[in-house]
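J.: Before I ask anything, here is the structure I am working with.
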Amino acid sequence: MRFLTGTQRSSTGHVGIAFDEDGIRMLQVRDHRDGLRVTGAGWVPGAQGEGDQTADAIRSAFINGGFTGRRCVVCLPRSEVWTQLTRFPEMPQSELRAAALWEASDRFGMARDQLQCDWLPLGSSEKGRQEVLLVAASTDRLGARLQAILDAGLRPVAVDTDFGGLARLFSRRYRRDADQQSSRVVLDVGPSGSTLLMLSGHRTTFCKSLAIGGRHFDAAVAEHLDLDHEAARELRWARLEGETTLDATTDAALTAATRSVVSELARDAMLCLRHYSVSIRGTRPDYLVMSGCHAAEPGLADAVAQACRLTVRANDQSGTLQSLASDIRAQTAGCCGPIGGWASVAGLSLREKSSRRSSQRVAA
(Lines give C-alpha, C1' and ligand atoms only; values in the text may rest on other atoms or scores of the structure.)
Protein backbone atom coordinates (compact mmCIF):
# COMPACT_ATOMS: atom_id res chain seq x y z
CA MET A 1 0.00 0.00 0.00
CA ARG A 2 1.39 3.38 -1.01
CA PHE A 3 1.51 6.07 1.68
CA LEU A 4 2.05 9.17 -0.42
CA THR A 5 0.24 9.18 -3.78
CA GLY A 6 -3.35 9.29 -5.04
CA THR A 7 -5.75 10.31 -7.82
CA GLN A 8 -8.75 12.63 -8.02
CA ARG A 9 -12.23 11.24 -7.45
CA SER A 10 -14.51 14.06 -6.34
CA SER A 11 -14.70 17.81 -5.82
CA THR A 12 -15.50 17.06 -2.18
CA GLY A 13 -12.66 15.38 -0.36
CA HIS A 14 -12.74 11.95 1.19
CA VAL A 15 -13.21 11.57 4.93
CA GLY A 16 -9.86 12.15 6.62
CA ILE A 17 -9.34 9.99 9.71
CA ALA A 18 -6.31 10.78 11.87
CA PHE A 19 -5.48 8.47 14.77
CA ASP A 20 -3.42 10.11 17.48
CA GLU A 21 -2.43 9.53 21.07
CA ASP A 22 -5.20 11.81 22.33
CA GLY A 23 -8.00 10.42 20.16
CA ILE A 24 -9.32 10.25 16.61
CA ARG A 25 -10.09 13.27 14.45
CA MET A 26 -12.41 12.91 11.46
CA LEU A 27 -12.82 15.70 8.90
CA GLN A 28 -14.18 16.13 5.38
CA VAL A 29 -13.69 19.39 3.49
CA ARG A 30 -14.89 20.82 0.19
CA ASP A 31 -14.00 23.77 -2.01
CA HIS A 32 -16.14 26.83 -1.41
CA ARG A 33 -15.44 29.83 -3.61
CA ASP A 34 -11.86 30.80 -2.76
CA GLY A 35 -11.53 28.73 0.41
CA LEU A 36 -12.45 25.49 2.16
CA ARG A 37 -15.57 24.60 4.08
CA VAL A 38 -16.31 21.65 6.32
CA THR A 39 -18.73 18.99 5.13
CA GLY A 40 -18.37 16.75 8.18
CA ALA A 41 -16.34 16.65 11.39
CA GLY A 42 -16.09 14.26 14.33
CA TRP A 43 -13.90 13.84 17.40
CA VAL A 44 -13.42 10.61 19.36
CA PRO A 45 -11.32 11.58 22.41
CA GLY A 46 -9.02 9.06 24.04
CA ALA A 47 -9.69 6.23 21.57
CA GLN A 48 -7.11 3.46 21.32
CA GLY A 49 -7.73 2.84 17.63
CA GLU A 50 -8.78 -0.83 17.52
CA GLY A 51 -11.44 -3.23 18.72
CA ASP A 52 -15.24 -3.18 18.72
CA GLN A 53 -15.50 -0.22 21.09
CA THR A 54 -13.40 1.99 18.82
CA ALA A 55 -15.26 0.82 15.71
CA ASP A 56 -18.56 1.75 17.40
CA ALA A 57 -17.18 5.19 18.34
CA ILE A 58 -16.00 5.84 14.78
CA ARG A 59 -19.37 4.73 13.40
CA SER A 60 -21.22 7.02 15.79
CA ALA A 61 -18.97 10.00 14.94
CA PHE A 62 -19.48 9.32 11.24
CA ILE A 63 -23.27 9.12 11.49
CA ASN A 64 -23.54 12.29 13.60
CA GLY A 65 -20.81 14.26 11.83
CA GLY A 66 -22.54 15.19 8.57
CA PHE A 67 -20.13 13.24 6.33
CA THR A 68 -20.93 12.22 2.76
CA GLY A 69 -19.61 9.00 1.20
CA ARG A 70 -17.71 6.24 2.96
CA ARG A 71 -14.32 6.49 1.29
CA CYS A 72 -11.63 7.64 3.71
CA VAL A 73 -7.91 8.40 3.96
CA VAL A 74 -6.25 7.17 7.14
CA CYS A 75 -3.31 8.50 9.15
CA LEU A 76 -1.59 6.49 11.90
CA PRO A 77 -0.39 8.03 15.17
CA ARG A 78 3.01 9.65 14.92
CA SER A 79 4.39 7.13 17.42
CA GLU A 80 3.47 4.24 15.07
CA VAL A 81 5.20 5.65 11.97
CA TRP A 82 8.97 5.44 11.63
CA THR A 83 10.81 7.96 9.52
CA GLN A 84 14.47 8.23 8.62
CA LEU A 85 16.38 10.58 6.34
CA THR A 86 18.87 8.69 4.18
CA ARG A 87 20.68 8.94 0.85
CA PHE A 88 20.55 6.54 -2.07
CA PRO A 89 22.45 6.51 -5.34
CA GLU A 90 20.27 7.65 -8.21
CA MET A 91 18.41 4.58 -9.52
CA PRO A 92 15.18 3.60 -11.31
CA GLN A 93 11.97 3.70 -9.26
CA SER A 94 11.61 -0.09 -9.39
CA GLU A 95 15.04 -0.53 -7.80
CA LEU A 96 14.45 2.28 -5.32
CA ARG A 97 11.36 0.49 -3.98
CA ALA A 98 13.39 -2.63 -3.15
CA ALA A 99 16.30 -0.59 -1.74
CA ALA A 100 13.95 1.41 0.49
CA LEU A 101 12.40 -1.76 1.91
CA TRP A 102 15.80 -3.30 2.68
CA GLU A 103 17.02 -0.06 4.28
CA ALA A 104 13.86 0.35 6.36
CA SER A 105 14.09 -3.22 7.60
CA ASP A 106 17.69 -2.64 8.71
CA ARG A 107 17.11 0.84 10.23
CA PHE A 108 13.93 -0.03 12.12
CA GLY A 109 14.88 -3.58 13.14
CA MET A 110 11.90 -5.41 11.66
CA ALA A 111 11.59 -8.16 9.07
CA ARG A 112 10.62 -6.95 5.62
CA ASP A 113 7.39 -8.97 5.62
CA GLN A 114 6.34 -7.18 8.84
CA LEU A 115 6.70 -3.67 7.38
CA GLN A 116 4.69 -1.45 5.12
CA CYS A 117 7.25 0.91 3.59
CA ASP A 118 7.22 3.96 1.34
CA TRP A 119 9.59 6.82 0.62
CA LEU A 120 9.50 10.50 -0.21
CA PRO A 121 12.22 11.97 -2.47
CA LEU A 122 13.48 15.25 -1.03
CA GLY A 123 15.88 16.27 -3.80
CA SER A 124 19.57 15.69 -4.50
CA SER A 125 22.13 16.55 -1.84
CA GLU A 126 25.10 15.90 -4.08
CA LYS A 127 25.80 14.73 -7.61
CA GLY A 128 24.65 11.17 -8.22
CA ARG A 129 22.89 10.79 -4.87
CA GLN A 130 19.39 11.66 -3.70
CA GLU A 131 18.01 12.54 -0.28
CA VAL A 132 15.10 10.24 0.62
CA LEU A 133 12.74 10.13 3.58
CA LEU A 134 11.95 6.52 4.49
CA VAL A 135 8.46 6.01 5.92
CA ALA A 136 7.44 2.70 7.48
CA ALA A 137 4.85 1.18 9.79
CA SER A 138 4.21 -2.21 11.34
CA THR A 139 1.87 -4.32 9.21
CA ASP A 140 0.15 -5.60 12.36
CA ARG A 141 -0.49 -2.13 13.83
CA LEU A 142 -1.66 -0.77 10.50
CA GLY A 143 -3.97 -3.76 10.06
CA ALA A 144 -5.54 -3.20 13.50
CA ARG A 145 -6.29 0.45 12.70
CA LEU A 146 -7.77 -0.36 9.32
CA GLN A 147 -9.89 -3.18 10.74
CA ALA A 148 -11.54 -0.77 13.19
CA ILE A 149 -12.44 1.50 10.27
CA LEU A 150 -13.78 -1.38 8.18
CA ASP A 151 -15.85 -2.60 11.13
CA ALA A 152 -17.29 0.92 11.39
CA GLY A 153 -18.58 0.55 7.82
CA LEU A 154 -16.11 2.89 6.12
CA ARG A 155 -13.88 2.17 3.13
CA PRO A 156 -10.19 3.10 3.43
CA VAL A 157 -8.72 4.03 0.04
CA ALA A 158 -5.27 5.22 1.17
CA VAL A 159 -2.92 5.38 4.13
CA ASP A 160 -1.08 8.68 4.57
CA THR A 161 1.07 10.38 7.21
CA ASP A 162 0.49 13.40 9.41
CA PHE A 163 3.21 15.36 7.60
CA GLY A 164 1.72 14.37 4.24
CA GLY A 165 -1.55 15.98 5.30
CA LEU A 166 0.24 19.09 6.60
CA ALA A 167 2.18 19.54 3.36
CA ARG A 168 -0.97 19.16 1.30
CA LEU A 169 -2.99 21.66 3.33
CA PHE A 170 -0.31 24.34 3.46
CA SER A 171 0.61 24.00 -0.24
CA ARG A 172 -2.86 24.61 -1.70
CA ARG A 173 -1.92 28.12 -2.87
CA TYR A 174 1.55 27.24 -4.15
CA ARG A 175 0.97 25.12 -7.27
CA ARG A 176 1.86 27.55 -10.07
CA ASP A 177 5.28 27.40 -11.67
CA ALA A 178 5.94 30.89 -10.29
CA ASP A 179 5.41 29.60 -6.72
CA GLN A 180 8.01 26.84 -6.77
CA GLN A 181 10.78 28.99 -5.26
CA SER A 182 8.56 30.09 -2.38
CA SER A 183 9.89 28.36 0.73
CA ARG A 184 8.04 27.97 4.05
CA VAL A 185 8.52 26.00 7.26
CA VAL A 186 5.79 24.15 9.17
CA LEU A 187 6.38 23.13 12.79
CA ASP A 188 3.60 20.82 13.96
CA VAL A 189 3.56 20.11 17.70
CA GLY A 190 1.56 16.98 18.53
CA PRO A 191 0.90 14.96 21.70
CA SER A 192 3.94 12.67 21.51
CA GLY A 193 6.34 14.62 19.32
CA SER A 194 6.74 17.30 16.67
CA THR A 195 7.43 17.41 12.95
CA LEU A 196 9.33 20.09 11.06
CA LEU A 197 8.61 20.39 7.32
CA MET A 198 10.25 22.54 4.68
CA LEU A 199 7.98 23.30 1.72
CA SER A 200 9.15 24.78 -1.58
CA GLY A 201 6.18 25.52 -3.77
CA HIS A 202 4.02 22.40 -3.47
CA ARG A 203 7.01 20.09 -2.85
CA THR A 204 8.29 18.80 0.48
CA THR A 205 12.06 19.34 0.50
CA PHE A 206 12.82 18.44 4.11
CA CYS A 207 11.08 16.55 6.91
CA LYS A 208 12.34 15.76 10.39
CA SER A 209 10.62 14.23 13.41
CA LEU A 210 11.43 15.90 16.74
CA ALA A 211 11.13 14.09 20.07
CA ILE A 212 9.39 16.88 22.01
CA GLY A 213 5.59 17.03 22.12
CA GLY A 214 2.69 17.85 24.40
CA ARG A 215 3.40 15.04 26.86
CA HIS A 216 6.79 16.60 27.62
CA PHE A 217 5.08 19.89 28.50
CA ASP A 218 2.65 17.93 30.69
CA ALA A 219 5.51 16.17 32.48
CA ALA A 220 7.30 19.46 33.13
CA VAL A 221 4.14 21.00 34.62
CA ALA A 222 3.46 17.91 36.74
CA GLU A 223 6.97 17.99 38.19
CA HIS A 224 7.14 21.75 38.72
CA LEU A 225 3.69 22.08 40.35
CA ASP A 226 3.71 18.68 42.09
CA LEU A 227 0.62 17.45 40.23
CA ASP A 228 -0.26 14.04 38.88
CA HIS A 229 0.13 13.70 35.12
CA GLU A 230 -3.61 13.78 34.35
CA ALA A 231 -4.19 16.95 36.37
CA ALA A 232 -1.24 18.63 34.65
CA ARG A 233 -2.56 17.62 31.24
CA GLU A 234 -6.05 18.94 31.97
CA LEU A 235 -4.66 22.25 33.27
CA ARG A 236 -2.50 22.76 30.19
CA TRP A 237 -5.29 21.71 27.83
CA ALA A 238 -7.74 24.19 29.36
CA ARG A 239 -5.09 26.89 29.03
CA LEU A 240 -4.50 26.07 25.35
CA GLU A 241 -8.21 26.11 24.57
CA GLY A 242 -8.82 29.29 26.54
CA GLU A 243 -11.59 27.55 28.48
CA THR A 244 -10.58 29.07 31.77
CA THR A 245 -8.96 32.26 32.99
CA LEU A 246 -6.02 31.47 35.21
CA ASP A 247 -4.89 33.80 37.94
CA ALA A 248 -1.58 35.53 37.28
CA THR A 249 0.35 33.38 39.77
CA THR A 250 -0.79 30.07 38.26
CA ASP A 251 -0.21 31.30 34.72
CA ALA A 252 3.32 32.42 35.63
CA ALA A 253 4.00 29.05 37.30
CA LEU A 254 2.91 27.18 34.15
CA THR A 255 5.12 29.38 32.00
CA ALA A 256 8.09 28.80 34.28
CA ALA A 257 7.45 25.04 34.29
CA THR A 258 7.50 24.72 30.51
CA ARG A 259 10.27 27.24 29.79
CA SER A 260 13.07 24.68 29.45
CA VAL A 261 10.98 22.43 27.17
CA VAL A 262 9.99 25.42 25.03
CA SER A 263 13.64 26.40 24.67
CA GLU A 264 14.69 22.86 23.76
CA LEU A 265 12.04 22.53 21.05
CA ALA A 266 12.97 25.93 19.60
CA ARG A 267 16.62 24.88 19.54
CA ASP A 268 15.77 21.60 17.79
CA ALA A 269 13.85 23.53 15.12
CA MET A 270 16.82 25.87 14.62
CA LEU A 271 19.21 22.91 14.21
CA CYS A 272 16.92 21.40 11.57
CA LEU A 273 16.96 24.63 9.58
CA ARG A 274 20.73 24.84 9.91
CA HIS A 275 21.08 21.28 8.57
CA TYR A 276 18.76 22.14 5.70
CA SER A 277 20.72 25.23 4.71
CA VAL A 278 24.15 23.53 4.96
CA SER A 279 23.56 19.96 3.78
CA ILE A 280 20.72 20.44 1.31
CA ARG A 281 21.58 24.04 0.43
CA GLY A 282 17.96 25.06 0.27
CA THR A 283 16.71 28.61 -0.05
CA ARG A 284 15.95 30.55 3.13
CA PRO A 285 12.26 30.21 4.07
CA ASP A 286 9.93 33.20 4.00
CA TYR A 287 8.17 32.38 7.27
CA LEU A 288 7.28 29.55 9.69
CA VAL A 289 3.77 28.25 10.42
CA MET A 290 2.96 26.75 13.82
CA SER A 291 0.37 23.96 13.80
CA GLY A 292 -0.66 21.02 15.94
CA CYS A 293 -2.78 20.79 19.07
CA HIS A 294 0.10 21.94 21.31
CA ALA A 295 1.52 24.66 19.06
CA ALA A 296 -0.25 27.41 21.02
CA GLU A 297 1.84 26.74 24.15
CA PRO A 298 2.48 30.26 25.53
CA GLY A 299 5.97 31.48 24.73
CA LEU A 300 6.68 28.79 22.11
CA ALA A 301 6.09 30.93 19.01
CA ASP A 302 8.31 33.72 20.36
CA ALA A 303 11.07 31.26 21.26
CA VAL A 304 10.95 29.66 17.80
CA ALA A 305 10.98 33.06 16.11
CA GLN A 306 14.03 34.14 18.09
CA ALA A 307 15.95 30.86 17.62
CA CYS A 308 15.17 30.48 13.91
CA ARG A 309 15.18 34.19 13.08
CA LEU A 310 11.97 33.84 11.13
CA THR A 311 8.54 35.41 11.20
CA VAL A 312 6.26 32.91 12.95
CA ARG A 313 2.57 32.64 12.12
CA ALA A 314 -0.31 30.67 13.57
CA ASN A 315 -1.76 30.11 10.09
CA ASP A 316 -0.77 30.20 6.43
CA GLN A 317 -1.17 33.30 4.24
CA SER A 318 -4.65 32.22 3.13
CA GLY A 319 -5.91 31.81 6.71
CA THR A 320 -6.85 28.21 5.94
CA LEU A 321 -7.20 26.94 9.51
CA GLN A 322 -9.17 29.93 10.72
CA SER A 323 -11.59 29.56 7.80
CA LEU A 324 -12.34 26.01 8.99
CA ALA A 325 -12.47 26.80 12.70
CA SER A 326 -16.09 27.89 13.06
CA ASP A 327 -17.39 24.93 11.01
CA ILE A 328 -15.35 22.42 13.02
CA ARG A 329 -16.46 23.88 16.35
CA ALA A 330 -20.11 23.92 15.24
CA GLN A 331 -19.99 20.34 13.97
CA THR A 332 -18.30 19.01 17.13
CA ALA A 333 -20.33 21.13 19.57
CA GLY A 334 -17.12 22.89 20.57
CA CYS A 335 -15.41 19.67 21.73
CA CYS A 336 -12.54 19.81 19.25
CA GLY A 337 -9.53 21.14 21.13
CA PRO A 338 -7.19 23.74 19.59
CA ILE A 339 -7.88 24.21 15.87
CA GLY A 340 -4.21 23.74 15.03
CA GLY A 341 -4.66 20.06 15.80
CA TRP A 342 -6.93 19.68 12.75
CA ALA A 343 -4.38 20.75 10.14
CA SER A 344 -3.10 17.31 9.18
CA VAL A 345 -6.54 15.68 9.02
CA ALA A 346 -7.77 18.51 6.76
CA GLY A 347 -4.87 17.66 4.46
CA LEU A 348 -5.89 14.00 4.48
CA SER A 349 -9.31 14.96 3.14
CA LEU A 350 -7.60 16.96 0.37
CA ARG A 351 -5.28 14.12 -0.64
CA GLU A 352 -6.79 13.11 -3.97
CA LYS A 353 -8.09 16.58 -4.80
CA SER A 354 -4.59 18.06 -4.71
CA SER A 355 -3.13 15.49 -7.11
CA ARG A 356 -5.53 16.67 -9.80
CA ARG A 357 -4.67 20.32 -9.22
CA SER A 358 -0.99 19.44 -9.47
CA SER A 359 -1.51 17.76 -12.82
CA GLN A 360 -3.43 20.78 -14.09
CA ARG A 361 -0.97 23.40 -12.78
CA VAL A 362 -0.25 26.13 -15.33
CA ALA A 363 2.57 28.62 -15.63
CA ALA A 364 1.84 32.04 -14.21
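Order determines the names: the first chain of the C-alpha coordinates is A, the second B, and so forth; residues in each chain are numbered 1 upward, and ligands are numbered 1 upward as they are shown.
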Within range 36-78 of chain A, find each residue whose DSSP state, derived from the backbone, is strand (DSSP E), and express the selection as a ChimeraX atom specification.

T.: /A:36-45,71-75

J.: Return as CSV the residues of range 176-277 of chain A lying at most 12 Å from range 293-309 of chain A, together with the closest atom-to-atom pair for each and the distance in Å to one decimal, counting only C-alpha atoms, with rows in chain order and ascending residue number.

T.:
```
residue,atom,partner,partner_atom,distance
A:Val185,CA,A:Cys308,CA,10.4
A:Val186,CA,A:Ala295,CA,10.8
A:Leu187,CA,A:Ala295,CA,8.1
A:Asp188,CA,A:Ala295,CA,6.7
A:Val189,CA,A:Ala295,CA,5.2
A:Gly190,CA,A:Cys293,CA,5.8
A:Pro191,CA,A:His294,CA,7.0
A:Ser192,CA,A:His294,CA,10.0
A:Gly193,CA,A:His294,CA,9.8
A:Ser194,CA,A:His294,CA,9.3
A:Thr195,CA,A:Ala295,CA,11.2
A:Leu196,CA,A:Val304,CA,11.8
A:Ile212,CA,A:His294,CA,10.6
A:Gly213,CA,A:His294,CA,7.4
A:Gly214,CA,A:His294,CA,5.7
A:Arg215,CA,A:His294,CA,9.4
A:His216,CA,A:His294,CA,10.6
A:Phe217,CA,A:Glu297,CA,8.7
A:Asp218,CA,A:His294,CA,10.5
A:Arg233,CA,A:His294,CA,11.1
A:Arg236,CA,A:Glu297,CA,8.4
A:Trp237,CA,A:His294,CA,8.5
A:Ala238,CA,A:Glu297,CA,11.2
A:Arg239,CA,A:Glu297,CA,8.5
A:Leu240,CA,A:Ala296,CA,6.2
A:Glu241,CA,A:Ala296,CA,8.8
A:Gly242,CA,A:Ala296,CA,10.4
A:Asp251,CA,A:Pro298,CA,9.6
A:Ala252,CA,A:Pro298,CA,10.4
A:Ala253,CA,A:Pro298,CA,11.9
A:Leu254,CA,A:Pro298,CA,9.2
A:Thr255,CA,A:Pro298,CA,7.0
A:Ala256,CA,A:Gly299,CA,10.1
A:Ala257,CA,A:Pro298,CA,11.3
A:Thr258,CA,A:Glu297,CA,8.8
A:Arg259,CA,A:Gly299,CA,7.9
A:Ser260,CA,A:Leu300,CA,10.6
A:Val261,CA,A:Leu300,CA,9.2
A:Val262,CA,A:Leu300,CA,5.6
A:Ser263,CA,A:Ala303,CA,6.5
A:Glu264,CA,A:Ala303,CA,9.5
A:Leu265,CA,A:Val304,CA,7.9
A:Ala266,CA,A:Val304,CA,4.6
A:Arg267,CA,A:Ala307,CA,6.3
A:Asp268,CA,A:Ala307,CA,9.3
A:Ala269,CA,A:Cys308,CA,7.2
A:Met270,CA,A:Cys308,CA,4.9
A:Leu271,CA,A:Cys308,CA,8.6
A:Cys272,CA,A:Cys308,CA,9.5
A:Leu273,CA,A:Cys308,CA,7.5
A:Arg274,CA,A:Cys308,CA,8.9
A:Ser277,CA,A:Cys308,CA,12.0
```

J.: Here is a test: counting only C-alpha atoms, which residue of A:Ser60, A:Gln317, A:Ser326, A:Ser138 is nearest to Trp82 in chain A?

T.: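 Closest to Trp82 in chain A of all the choices is A:Ser138.
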
J.: For a quick check of understanding, using only C-alpha atoms, which of A:Leu96, A:Leu146, A:Cys75, A:Leu154 has the smallest distance to Phe62 in chain A?

T.: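 Ranking A:Leu96, A:Leu146, A:Cys75, A:Leu154 by distance to Phe62 in chain A, first place goes to A:Leu154.
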
J.: Take CA of Arg351 in chain A and CA of Pro156 in chain A and report the distance between them in Å, one decimal.

T.: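 Between these atoms lies a distance of 12.7 Å.
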
J.: Among range 58-207 of chain A, which ones does DSSP place in helix (DSSP H, G or I), written as an NGL selection string?

T.: :A and (58-64 or 78-80 or 93-108 or 112-114 or 139-151 or 162-169 or 177-179)
